[in-house]
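*Asks:* What follows is query_5.cif; its format and atoms are mmCIF, C-alpha atoms and all ligand atoms.
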data_coords
loop_
_atom_site.label_atom_id
_atom_site.label_comp_id
_atom_site.auth_asym_id
_atom_site.auth_seq_id
_atom_site.Cartn_x
_atom_site.Cartn_y
_atom_site.Cartn_z
CA MET A 429 0.00 0.00 0.00
CA SER A 430 1.31 3.41 -0.92
CA TYR A 431 0.97 6.45 1.28
CA LEU A 432 1.66 8.86 -1.59
CA SER A 433 -0.73 11.60 -2.54
CA LYS A 434 -1.94 11.57 -6.14
CA THR A 435 0.34 14.55 -6.86
CA ALA A 436 3.42 12.80 -5.51
CA ALA A 437 2.54 9.51 -7.19
CA ASP A 438 1.94 11.05 -10.61
CA ILE A 439 4.78 13.55 -10.83
CA VAL A 440 7.81 12.75 -12.96
CA PRO A 441 10.62 14.46 -11.02
CA TYR A 442 13.51 16.34 -12.57
CA VAL A 443 16.76 14.38 -12.77
CA PRO A 444 19.70 16.59 -11.78
CA GLY A 445 23.20 15.97 -13.13
CA ILE A 446 25.43 13.63 -11.14
CA GLN A 447 27.46 15.23 -8.33
CA PRO A 448 30.32 12.75 -7.93
CA GLN A 449 32.11 12.68 -4.59
CA GLY A 450 35.84 12.20 -4.22
CA PRO A 451 38.83 13.70 -5.99
CA GLY A 452 40.12 13.39 -9.54
CA TRP A 453 37.00 14.29 -11.51
CA VAL A 454 36.87 16.80 -14.34
CA LYS A 455 33.29 17.87 -13.76
CA LEU A 456 31.73 19.38 -16.89
CA ASN A 457 28.14 18.21 -16.44
CA THR A 458 26.08 20.79 -14.53
CA ASN A 459 27.25 24.17 -15.85
CA GLU A 460 28.90 25.22 -12.63
CA ASN A 461 31.52 27.96 -12.80
CA PRO A 462 35.09 26.57 -12.59
CA TYR A 463 36.38 29.67 -10.79
CA PRO A 464 35.90 30.30 -7.07
CA PRO A 465 33.41 32.93 -5.87
CA SER A 466 34.56 36.53 -5.50
CA PRO A 467 37.10 36.99 -2.66
CA LYS A 468 34.65 39.56 -1.25
CA VAL A 469 32.38 36.62 -0.34
CA ALA A 470 35.07 35.11 1.91
CA GLU A 471 35.67 38.55 3.46
CA VAL A 472 32.04 39.11 4.48
CA LEU A 473 31.77 35.55 5.76
CA GLU A 474 34.84 35.98 7.97
CA SER A 475 33.54 39.24 9.40
CA SER A 476 29.97 37.97 9.90
CA ASP A 477 28.52 37.85 13.41
CA LEU A 478 27.37 34.24 13.71
CA THR A 479 25.33 34.94 16.83
CA ALA A 480 22.86 36.55 14.40
CA LEU A 481 22.05 33.01 13.21
CA ARG A 482 19.85 32.50 16.31
CA LEU A 483 17.40 34.92 14.66
CA TYR A 484 15.29 34.25 11.60
CA PRO A 485 16.70 35.93 8.51
CA ASP A 486 15.12 39.01 6.95
CA SER A 487 12.21 37.44 5.10
CA ASP A 488 12.36 40.08 2.34
CA SER A 489 16.18 39.97 2.00
CA LYS A 490 16.07 43.77 1.90
CA MET A 491 19.85 44.17 1.81
CA LEU A 492 20.16 41.88 -1.20
CA MET A 493 17.18 43.50 -2.95
CA ASP A 494 18.83 46.92 -2.49
CA THR A 495 22.14 45.65 -3.87
CA LEU A 496 20.37 44.09 -6.86
CA ALA A 497 18.42 47.29 -7.46
CA LYS A 498 21.58 49.37 -7.41
CA GLN A 499 23.58 47.07 -9.69
CA LEU A 500 20.74 46.45 -12.16
CA GLY A 501 19.44 50.02 -12.19
CA VAL A 502 15.87 49.06 -11.22
CA PRO A 503 13.75 50.01 -8.18
CA ALA A 504 14.08 47.49 -5.31
CA GLU A 505 10.29 47.01 -5.33
CA ASN A 506 10.66 45.39 -8.76
CA THR A 507 12.94 42.64 -7.40
CA PHE A 508 12.29 39.32 -5.70
CA VAL A 509 14.80 36.81 -4.35
CA GLY A 510 14.55 33.09 -3.73
CA ASN A 511 16.41 29.92 -2.83
CA GLY A 512 18.01 29.46 -6.23
CA SER A 513 16.28 30.51 -9.43
CA ASP A 514 14.67 27.05 -9.41
CA GLU A 515 12.56 28.18 -6.48
CA VAL A 516 11.74 31.54 -8.11
CA LEU A 517 10.71 29.74 -11.31
CA ALA A 518 8.56 27.24 -9.40
CA LEU A 519 6.77 30.05 -7.53
CA ALA A 520 6.24 31.85 -10.87
CA PHE A 521 4.66 28.73 -12.43
CA GLY A 522 2.31 28.55 -9.45
CA ALA A 523 1.56 32.29 -9.38
CA PHE A 524 0.92 32.90 -13.08
CA PHE A 525 0.24 29.62 -14.86
CA GLY A 526 -1.34 27.28 -12.29
CA GLY A 527 -4.48 25.61 -13.66
CA LYS A 528 -4.14 27.25 -17.08
CA GLN A 529 -4.02 25.50 -20.46
CA GLY A 530 -1.85 26.30 -23.46
CA VAL A 531 1.20 27.82 -21.78
CA ARG A 532 3.93 27.73 -24.42
CA ILE A 533 7.43 26.42 -23.86
CA PRO A 534 10.04 25.21 -26.36
CA ASP A 535 10.08 21.42 -26.82
CA ILE A 536 13.79 21.37 -26.06
CA SER A 537 14.61 23.55 -23.05
CA TYR A 538 15.28 23.38 -19.32
CA GLY A 539 14.03 20.00 -18.11
CA PHE A 540 12.48 21.44 -14.97
CA TYR A 541 9.74 23.42 -16.79
CA PRO A 542 7.51 20.40 -17.53
CA VAL A 543 7.94 19.22 -13.93
CA TRP A 544 6.69 22.49 -12.43
CA ALA A 545 3.93 22.50 -15.03
CA GLN A 546 2.79 19.10 -13.78
CA LEU A 547 3.17 20.12 -10.13
CA PHE A 548 0.98 23.23 -10.58
CA ASP A 549 -1.47 21.65 -13.03
CA VAL A 550 -0.36 23.73 -16.01
CA GLY A 551 -1.21 22.53 -19.51
CA VAL A 552 1.79 23.23 -21.75
CA GLU A 553 1.96 23.42 -25.54
CA LYS A 554 5.48 22.51 -26.54
CA GLN A 555 6.71 24.47 -29.54
CA PRO A 556 9.30 22.60 -31.63
CA LEU A 557 12.66 24.23 -32.15
CA GLY A 558 13.64 24.77 -35.80
CA GLU A 559 15.98 22.50 -37.78
CA ASP A 560 18.87 24.63 -36.54
CA PHE A 561 17.64 24.35 -32.91
CA THR A 562 16.53 28.00 -32.76
CA ILE A 563 13.33 29.30 -31.15
CA ASN A 564 10.86 30.80 -33.63
CA PRO A 565 9.32 33.86 -31.91
CA ALA A 566 6.27 33.70 -34.23
CA ALA A 567 5.24 30.41 -32.55
CA TYR A 568 4.64 32.24 -29.27
CA GLN A 569 1.45 34.24 -29.79
CA ASP A 570 -1.69 34.99 -27.80
CA ALA A 571 -0.82 32.44 -25.17
CA PRO A 572 -1.96 32.49 -21.52
CA GLY A 573 1.73 32.27 -20.67
CA VAL A 574 5.16 31.81 -22.23
CA VAL A 575 8.35 30.41 -20.75
CA ILE A 576 11.63 30.96 -22.60
CA ALA A 577 15.17 30.36 -21.41
CA ASN A 578 17.35 33.00 -23.05
CA PRO A 579 19.93 31.86 -23.97
CA ASN A 580 18.19 28.51 -24.24
CA ALA A 581 19.49 25.36 -22.56
CA PRO A 582 20.81 22.89 -23.56
CA THR A 583 21.19 24.44 -27.03
CA GLY A 584 23.10 27.54 -25.84
CA ILE A 585 21.45 29.64 -28.57
CA ALA A 586 20.15 33.13 -27.70
CA LEU A 587 17.31 35.26 -29.03
CA THR A 588 17.99 38.96 -29.57
CA LEU A 589 16.33 41.54 -27.36
CA GLY A 590 14.21 42.49 -30.39
CA GLU A 591 12.92 38.92 -30.66
CA ILE A 592 12.10 38.82 -26.94
CA GLU A 593 10.19 42.09 -27.38
CA GLN A 594 8.33 40.57 -30.34
CA ILE A 595 7.16 37.74 -28.06
CA LEU A 596 6.06 40.31 -25.47
CA ARG A 597 4.09 42.31 -28.05
CA GLN A 598 2.41 39.10 -29.26
CA ASN A 599 1.31 38.09 -25.76
CA PRO A 600 -0.59 40.92 -24.10
CA LYS A 601 -2.74 38.50 -22.05
CA GLY A 602 -0.20 36.24 -20.40
CA VAL A 603 2.98 36.45 -18.38
CA VAL A 604 6.17 36.03 -20.41
CA LEU A 605 8.79 34.40 -18.20
CA VAL A 606 12.35 34.85 -19.45
CA ASP A 607 14.88 32.64 -17.67
CA GLU A 608 18.26 34.38 -18.01
CA ALA A 609 20.40 31.83 -16.15
CA TYR A 610 23.13 32.22 -18.82
CA ILE A 611 22.67 35.80 -20.06
CA ASP A 612 25.98 36.94 -18.54
CA PHE A 613 27.84 34.72 -21.03
CA SER A 614 25.88 36.12 -23.97
CA ALA A 615 26.47 38.97 -26.39
CA GLU A 616 22.72 39.60 -26.35
CA GLU A 617 21.19 42.12 -23.98
CA SER A 618 19.15 41.27 -20.90
CA ALA A 619 15.38 41.77 -21.07
CA ILE A 620 15.48 43.66 -17.77
CA SER A 621 15.52 46.91 -19.80
CA LEU A 622 12.01 46.01 -21.05
CA VAL A 623 10.48 45.64 -17.57
CA PRO A 624 9.28 49.29 -17.38
CA LYS A 625 7.53 48.86 -20.74
CA TYR A 626 5.79 45.48 -20.23
CA ASP A 627 3.86 44.71 -17.05
CA ASN A 628 3.68 41.02 -18.06
CA LEU A 629 7.45 40.44 -18.26
CA LEU A 630 9.24 38.52 -15.53
CA VAL A 631 12.99 38.07 -15.87
CA VAL A 632 14.57 35.38 -13.69
CA ARG A 633 18.28 35.12 -12.94
CA THR A 634 20.67 33.14 -10.79
CA PHE A 635 23.92 33.46 -8.85
CA SER A 636 24.70 29.81 -9.63
CA LYS A 637 26.43 30.21 -12.98
CA SER A 638 28.11 33.59 -13.57
CA HIS A 639 28.68 34.30 -9.85
CA SER A 640 30.17 30.87 -9.02
CA LEU A 641 27.64 30.40 -6.20
CA ALA A 642 25.64 27.30 -7.14
CA GLY A 643 26.12 25.97 -3.60
CA LEU A 644 24.73 29.12 -1.97
CA ARG A 645 21.29 28.77 -3.66
CA VAL A 646 20.33 32.31 -4.62
CA GLY A 647 18.19 33.40 -7.55
CA TYR A 648 16.07 36.45 -8.26
CA ALA A 649 13.39 37.94 -10.46
CA VAL A 650 12.80 41.40 -11.89
CA GLY A 651 9.32 42.46 -12.97
CA HIS A 652 6.33 44.75 -12.49
CA VAL A 653 5.25 45.21 -8.85
CA ASP A 654 2.05 43.26 -9.49
CA LEU A 655 4.09 40.24 -10.65
CA ILE A 656 6.42 40.61 -7.65
CA ASP A 657 3.30 40.65 -5.48
CA GLY A 658 2.16 37.39 -7.11
CA LEU A 659 5.48 35.79 -6.25
CA GLN A 660 5.23 37.09 -2.68
CA ARG A 661 1.78 35.53 -2.31
CA MET A 662 3.19 32.14 -3.35
CA LYS A 663 6.30 32.50 -1.20
CA HIS A 664 4.35 33.33 1.95
CA SER A 665 2.13 30.33 1.31
CA PHE A 666 5.09 27.97 1.20
CA ASN A 667 8.28 29.19 2.91
CA SER A 668 8.60 32.72 4.27
CA TYR A 669 12.36 32.45 4.90
CA PRO A 670 13.85 30.96 1.74
CA LEU A 671 17.21 32.73 1.99
CA ASP A 672 19.35 32.20 5.04
CA THR A 673 21.20 35.10 6.68
CA LEU A 674 24.61 34.13 5.31
CA ALA A 675 23.33 33.59 1.78
CA GLN A 676 21.98 37.14 1.77
CA VAL A 677 25.29 38.77 2.74
CA CYS A 678 27.37 36.52 0.46
CA ALA A 679 25.18 37.16 -2.59
CA SER A 680 25.21 40.91 -1.91
CA ALA A 681 29.01 40.92 -1.70
CA SER A 682 29.28 38.97 -4.94
CA MET A 683 26.84 41.23 -6.75
CA ALA A 684 28.78 44.32 -5.71
CA ASP A 685 32.11 42.93 -6.99
CA THR A 686 31.43 43.58 -10.67
CA ALA A 687 35.13 43.58 -11.63
CA TYR A 688 35.65 39.97 -10.50
CA TRP A 689 32.37 38.83 -12.08
CA ASP A 690 33.32 40.48 -15.36
CA ASP A 691 36.83 38.99 -15.37
CA THR A 692 35.67 35.40 -14.75
CA ARG A 693 32.83 35.50 -17.26
CA GLN A 694 35.18 36.90 -19.95
CA ARG A 695 37.64 34.08 -19.25
CA ILE A 696 34.88 31.52 -19.64
CA ILE A 697 33.73 33.09 -22.92
CA GLN A 698 37.29 32.95 -24.28
CA THR A 699 37.76 29.33 -23.19
CA ARG A 700 34.40 28.49 -24.78
CA GLU A 701 35.46 29.91 -28.14
CA ARG A 702 38.82 28.12 -28.06
CA THR A 703 37.18 24.82 -27.08
CA ALA A 704 34.54 25.10 -29.80
CA ALA A 705 37.24 25.77 -32.42
CA ALA A 706 39.35 22.79 -31.27
CA LEU A 707 36.32 20.47 -31.32
CA GLN A 708 35.32 21.73 -34.76
CA GLU A 709 38.80 20.87 -36.03
CA MET A 710 38.34 17.30 -34.77
CA GLY A 711 35.07 17.04 -36.69
CA TYR A 712 32.71 17.77 -33.78
CA PRO A 713 30.82 21.04 -34.45
CA SER A 714 28.89 22.78 -31.68
CA LEU A 715 25.73 24.87 -31.82
CA PRO A 716 26.60 28.60 -31.58
CA SER A 717 26.76 28.98 -27.81
CA GLN A 718 26.06 32.16 -25.84
CA THR A 719 26.43 30.32 -22.52
CA ASN A 720 29.05 28.58 -20.36
CA PHE A 721 28.49 25.26 -22.14
CA LEU A 722 28.63 23.76 -25.61
CA LEU A 723 26.13 21.41 -27.21
CA VAL A 724 28.51 19.34 -29.29
CA ARG A 725 27.37 17.18 -32.20
CA VAL A 726 28.86 13.69 -31.91
CA PRO A 727 27.46 10.67 -33.79
CA GLU A 728 26.37 8.06 -31.20
CA ALA A 729 27.26 10.49 -28.43
CA ILE A 730 26.69 7.91 -25.69
CA LYS A 731 29.92 6.16 -26.71
CA LEU A 732 32.04 9.27 -26.23
CA TYR A 733 30.13 10.01 -23.01
CA GLU A 734 31.12 6.60 -21.65
CA TYR A 735 34.71 6.91 -22.88
CA LEU A 736 35.05 10.28 -21.13
CA LEU A 737 33.42 8.86 -17.99
CA SER A 738 35.95 6.01 -17.89
CA HIS A 739 38.62 8.73 -17.77
CA LYS A 740 36.80 10.56 -14.95
CA ILE A 741 35.56 13.33 -17.23
CA LEU A 742 31.87 13.95 -16.67
CA VAL A 743 29.67 15.63 -19.30
CA ARG A 744 25.91 15.47 -19.93
CA TYR A 745 24.06 13.18 -22.31
CA TRP A 746 20.29 12.84 -22.87
CA ASN A 747 18.63 9.86 -24.43
CA LYS A 748 15.88 12.13 -25.77
CA PRO A 749 14.51 12.93 -29.24
CA ARG A 750 16.94 15.03 -31.31
CA LEU A 751 19.58 15.01 -28.56
CA THR A 752 21.09 11.53 -28.90
CA ASP A 753 23.82 12.81 -31.22
CA PHE A 754 24.90 15.55 -28.80
CA LEU A 755 26.88 15.97 -25.61
CA ARG A 756 26.54 19.04 -23.44
CA VAL A 757 29.92 20.11 -22.15
CA THR A 758 30.29 22.77 -19.44
CA ILE A 759 33.18 25.19 -19.94
CA GLY A 760 35.75 24.59 -17.20
CA THR A 761 39.18 26.10 -16.67
CA GLU A 762 41.71 26.14 -19.51
CA GLU A 763 43.42 23.10 -17.91
CA GLU A 764 40.16 21.16 -17.58
CA MET A 765 39.24 21.83 -21.21
CA GLU A 766 42.73 20.78 -22.29
CA ALA A 767 42.26 17.45 -20.45
CA PHE A 768 38.84 17.08 -22.06
CA LEU A 769 40.16 17.83 -25.56
CA GLN A 770 43.06 15.39 -25.12
CA CYS A 771 40.62 12.65 -24.17
CA VAL A 772 38.38 13.40 -27.15
CA LYS A 773 41.45 13.26 -29.37
CA GLN A 774 42.39 9.81 -28.02
CA TYR A 775 38.83 8.65 -28.61
C1 LIG B 801 21.00 26.23 -13.85
C2 LIG B 801 19.68 26.69 -14.36
C3 LIG B 801 18.68 27.14 -13.49
C4 LIG B 801 18.76 26.91 -12.00
O1 LIG B 801 19.57 27.71 -11.32
P1 LIG B 801 19.59 27.72 -9.74
O2 LIG B 801 19.60 29.17 -9.45
O3 LIG B 801 20.86 27.04 -9.36
O4 LIG B 801 18.39 27.05 -9.19
C5 LIG B 801 17.53 27.68 -14.02
N1 LIG B 801 17.33 27.73 -15.34
C6 LIG B 801 18.23 27.26 -16.21
C7 LIG B 801 17.94 27.31 -17.67
C8 LIG B 801 19.42 26.72 -15.74
O5 LIG B 801 20.30 26.19 -16.58
#
Could I get this file's structure written as structure tokens?
Ligand SMILES: *Cc1c(COP(=O)(O)O)cnc(C)c1O
*Replies:*
Amino acid sequence: MSYLSKTAADIVPYVPGIQPQGPGWVKLNTNENPYPPSPKVAEVLESSDLTALRLYPDSDSKMLMDTLAKQLGVPAENTFVGNGSDEVLALAFGAFFGGKQGVRIPDISYGFYPVWAQLFDVGVEKQPLGEDFTINPAAYQDAPGVVIANPNAPTGIALTLGEIEQILRQNPKGVVLVDEAYIDFSAEESAISLVPKYDNLLVVRTFSKSHSLAGLRVGYAVGHVDLIDGLQRMKHSFNSYPLDTLAQVCASASMADTAYWDDTRQRIIQTRERTAAALQEMGYPSLPSQTNFLLVRVPEAIKLYEYLLSHKILVRYWNKPRLTDFLRVTIGTEEEMEAFLQCVKQY
């Protein structure tokens, strides 16, 4: 006899990438940043008063909201923070799409979207990517909601700001959720500049990738105050204290250190371009990436995946339609990518 609720019994959970324990791995499977967090994070941690941990954290994360507002050039009331962007995205699905039919998402995108859709009883209409794995903005029209990762994952391909605005113009009746987890590695502009113009735009971002803080669990959203209010309603119906006290000060310190953030993201972009060129030379082309990963075309990709794994190099493979001839490879340090390229060469 099962004690599961119908929701828990029916849901098909997201499968996160493997987090291997122990030394010796070249870990290129979950798009983490290979560089350590800003040294300012260590500084604030060392000077933090740990007796403050006896108190609940600031539920609104006011200090972090103010830092975000300052750095992004938006009013603090237009920001919202959560325990990783995964939490912010989940709350957004509940707040804006729950119970609705026909919410449009690309057929190949972040694997968590269909899970939240199921959890919050959202009917999704998956829009197929083109032959070249691009999103066609014209396919997203008059929907009760739209969810786009820009740049998209796992393709790495970005829409221009003009194309995002086209989707906004075409969807006056539903929220357009733009997941910008990888925008800091892109030459395209963030949609945050469109927030004052469109009250149905919610931009979601994370500290996990470009701020090297995947382990801290901090994400945020920027949008019209009414959308922020919707997120608040969901948050205070689930967990009023999603960000712990230390996460708030660490994320603020990281956000303020723009020089370090800019330096590490530029290094990753350069390593990405070099890696893509080297793979291309070996006969393995990648989709044009605007992220910190490459989707590399490899016939029977599972074989290279297993070969790399046997040499303790971990990348991502999906046994899913249209993806079986691809590996997704996170951009690591120069040394890590050299080890990866050597192994591919041997293969
Ligand atoms: C990594 C990722 C996230 C999740 O980020 P967290 O802030 O670590 O929860 C969200 N969306 C996409 C597309 C991602 O790749």
*Asks:* Just the residues within 6 Å of stretch 505-509 of chain A, please, counting only C-alpha atoms, with nothing from its chain fewer than 2 positions along; format it as an MDAnalysis selection string.
*Replies:* chainID A and resid 503 647:653
*Asks:* Name the residues in contact with A:Pro462 at a cut-off of 9 Å, using only C-alpha atoms, excluding same-chain residues fewer than 4 positions from it; report them as a compact mmCIF listing (two decimals) with C-alpha atoms, in the frame of the given file.
*Replies:*
# COMPACT_ATOMS: atom_id res chain seq x y z
CA LYS A 455 33.29 17.87 -13.76
CA SER A 640 30.17 30.87 -9.02
CA ILE A 696 34.88 31.52 -19.64
CA ILE A 759 33.18 25.19 -19.94
CA GLY A 760 35.75 24.59 -17.20
CA THR A 761 39.18 26.10 -16.67
CA GLU A 764 40.16 21.16 -17.58
*Asks:* Atom CA of A:Asn720 and atom CA of A:Asn459 are how many Å apart?
*Replies:*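 Rounded to one decimal, the two atoms are 6.6 Å apart.
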*Asks:* As a quick test: using all atoms listed in the file, which residues lie no more than 8 Å away from ligand LIG 801 (chain B)? Give them as a PDB file with C-alpha atoms, in the frame of the given file.
*Replies:*
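Writing done, so here's part-v5.pdb:
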ATOM      1  CA  THR A 458      26.080  20.790 -14.530  1.00  0.00           C
ATOM      2  CA  ASN A 459      27.250  24.170 -15.850  1.00  0.00           C
ATOM      3  CA  ASN A 511      16.410  29.920  -2.830  1.00  0.00           C
ATOM      4  CA  GLY A 512      18.010  29.460  -6.230  1.00  0.00           C
ATOM      5  CA  SER A 513      16.280  30.510  -9.430  1.00  0.00           C
ATOM      6  CA  ASP A 514      14.670  27.050  -9.410  1.00  0.00           C
ATOM      7  CA  GLU A 515      12.560  28.180  -6.480  1.00  0.00           C
ATOM      8  CA  LEU A 517      10.710  29.740 -11.310  1.00  0.00           C
ATOM      9  CA  SER A 537      14.610  23.550 -23.050  1.00  0.00           C
ATOM     10  CA  TYR A 538      15.280  23.380 -19.320  1.00  0.00           C
ATOM     11  CA  PHE A 540      12.480  21.440 -14.970  1.00  0.00           C
ATOM     12  CA  ALA A 577      15.170  30.360 -21.410  1.00  0.00           C
ATOM     13  CA  ASN A 578      17.350  33.000 -23.050  1.00  0.00           C
ATOM     14  CA  ASN A 580      18.190  28.510 -24.240  1.00  0.00           C
ATOM     15  CA  ALA A 581      19.490  25.360 -22.560  1.00  0.00           C
ATOM     16  CA  PRO A 582      20.810  22.890 -23.560  1.00  0.00           C
ATOM     17  CA  ASP A 607      14.880  32.640 -17.670  1.00  0.00           C
ATOM     18  CA  GLU A 608      18.260  34.380 -18.010  1.00  0.00           C
ATOM     19  CA  ALA A 609      20.400  31.830 -16.150  1.00  0.00           C
ATOM     20  CA  TYR A 610      23.130  32.220 -18.820  1.00  0.00           C
ATOM     21  CA  ARG A 633      18.280  35.120 -12.940  1.00  0.00           C
ATOM     22  CA  THR A 634      20.670  33.140 -10.790  1.00  0.00           C
ATOM     23  CA  PHE A 635      23.920  33.460  -8.850  1.00  0.00           C
ATOM     24  CA  SER A 636      24.700  29.810  -9.630  1.00  0.00           C
ATOM     25  CA  LYS A 637      26.430  30.210 -12.980  1.00  0.00           C
ATOM     26  CA  ALA A 642      25.640  27.300  -7.140  1.00  0.00           C
ATOM     27  CA  GLY A 643      26.120  25.970  -3.600  1.00  0.00           C
ATOM     28  CA  ARG A 645      21.290  28.770  -3.660  1.00  0.00           C
ATOM     29  CA  VAL A 646      20.330  32.310  -4.620  1.00  0.00           C
ATOM     30  CA  GLY A 647      18.190  33.400  -7.550  1.00  0.00           C
TER      31      GLY A 647
END
*Asks:* Could you tell me how far atom CA of A:Asn461 lies from atom CA of A:Trp689, in Å and to one decimal?
*Replies:*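 If I compute the distance from atom CA of A:Asn461 to atom CA of A:Trp689, I get 10.9 Å.
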*Asks:* Determine, counting all atoms listed in the file, which protein, DNA and RNA residues have an atom within 10 Å of an atom of A:Leu769; residues of the same chain fewer than 6 positions away are not included. Present the result as an MDAnalysis selection string.
*Replies:* chainID A and resid 703 706:707 710 763 775
*Asks:* With distances taken over only C-alpha atoms, which of A:Tyr688, A:Phe524, A:Phe666, A:Tyr735 is nearest to A:Pro464?
*Replies:* A:Tyr688
*Asks:* Enumerate, as a PDB file with C-alpha atoms, in the coordinates of the input, the protein, DNA and RNA residues whose atoms approach (16.9, 43.9, -1.2) to within 9 Å, taking into account only C-alpha atoms and the coordinate frame of the file.
*Replies:*
ATOM      1  CA  ASP A 488      12.360  40.080   2.340  1.00  0.00           C
ATOM      2  CA  SER A 489      16.180  39.970   2.000  1.00  0.00           C
ATOM      3  CA  LYS A 490      16.070  43.770   1.900  1.00  0.00           C
ATOM      4  CA  MET A 491      19.850  44.170   1.810  1.00  0.00           C
ATOM      5  CA  LEU A 492      20.160  41.880  -1.200  1.00  0.00           C
ATOM      6  CA  MET A 493      17.180  43.500  -2.950  1.00  0.00           C
ATOM      7  CA  ASP A 494      18.830  46.920  -2.490  1.00  0.00           C
ATOM      8  CA  THR A 495      22.140  45.650  -3.870  1.00  0.00           C
ATOM      9  CA  LEU A 496      20.370  44.090  -6.860  1.00  0.00           C
ATOM     10  CA  ALA A 497      18.420  47.290  -7.460  1.00  0.00           C
ATOM     11  CA  ALA A 504      14.080  47.490  -5.310  1.00  0.00           C
ATOM     12  CA  GLU A 505      10.290  47.010  -5.330  1.00  0.00           C
ATOM     13  CA  THR A 507      12.940  42.640  -7.400  1.00  0.00           C
ATOM     14  CA  PHE A 508      12.290  39.320  -5.700  1.00  0.00           C
ATOM     15  CA  VAL A 509      14.800  36.810  -4.350  1.00  0.00           C
ATOM     16  CA  GLN A 676      21.980  37.140   1.770  1.00  0.00           C
ATOM     17  CA  SER A 680      25.210  40.910  -1.910  1.00  0.00           C
TER      18      SER A 680
END
*Asks:* Using only C-alpha atoms, pick whichever of A:Val623, A:Val772, A:Ala704, A:Val726 has the shortest atom-to-atom distance to A:Leu755.
*Replies:*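 Checking each candidate against A:Leu755, we get A:Val726 as the closest.
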*Asks:* Just checking: using all atoms listed in the file, which residue out of A:Leu742, A:Leu547, A:Ile595, A:Leu456 ends up closest to A:Asn628?
*Replies:*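 Residue with the minimum atom-to-atom distance to A:Asn628: A:Ile595.
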*Asks:* Restricting the calculation to all atoms listed in the file: of A:Thr588, A:Ser717, A:Ser682, A:Gln698, which residue gets closest to A:Ala470?
*Replies:* A:Ser682
*Asks:* Just want the 9 Å neighbourhood of A:Ile611, counted on all atoms listed in the file, with same-chain residues fewer than 3 positions away dropped. Output as a list in words.
*Replies:*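 Residues meeting the cut-off are Asn578, Pro579, Ala586, Asp607, Glu608, Ser614, Ala615, Glu616, Glu617, Ser618, Arg633, Ser638, Gln718 and Thr719 of chain A.
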*Asks:* Show me, as a PyMOL selection string, the residues that have an atom within 10 Å of stretch 476-481 of chain A when counting all atoms listed in the file, minus same-chain residues fewer than 2 positions from it.
*Replies:* chain A and resi 470-474+483-485+672-674+677-678
*Asks:* Would you mind reading off the distance between atom CA of A:Ser466 and atom CA of A:Leu644, one decimal, in Å?
*Replies:*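 Value for the atom CA of A:Ser466-atom CA of A:Leu644 distance: 12.8 Å.
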*Asks:* May I have the residues at most 7 Å from (-0.7, 36.0, -28.9) in the file's coordinates, counting all atoms listed in the file, as a count of residues only?
*Replies:* 7
*Asks:* Could you write out as lines of an AutoDock Vina configuration file the box around stretch 698-705 of chain A (axis-aligned, all atoms listed in the file, 4 Å on each side), with centre and edge lengths in Å to one decimal?
*Replies:*
center_x = 36.6
center_y = 28.9
center_z = -27.8
size_x = 12.4
size_y = 16.1
size_z = 17.2
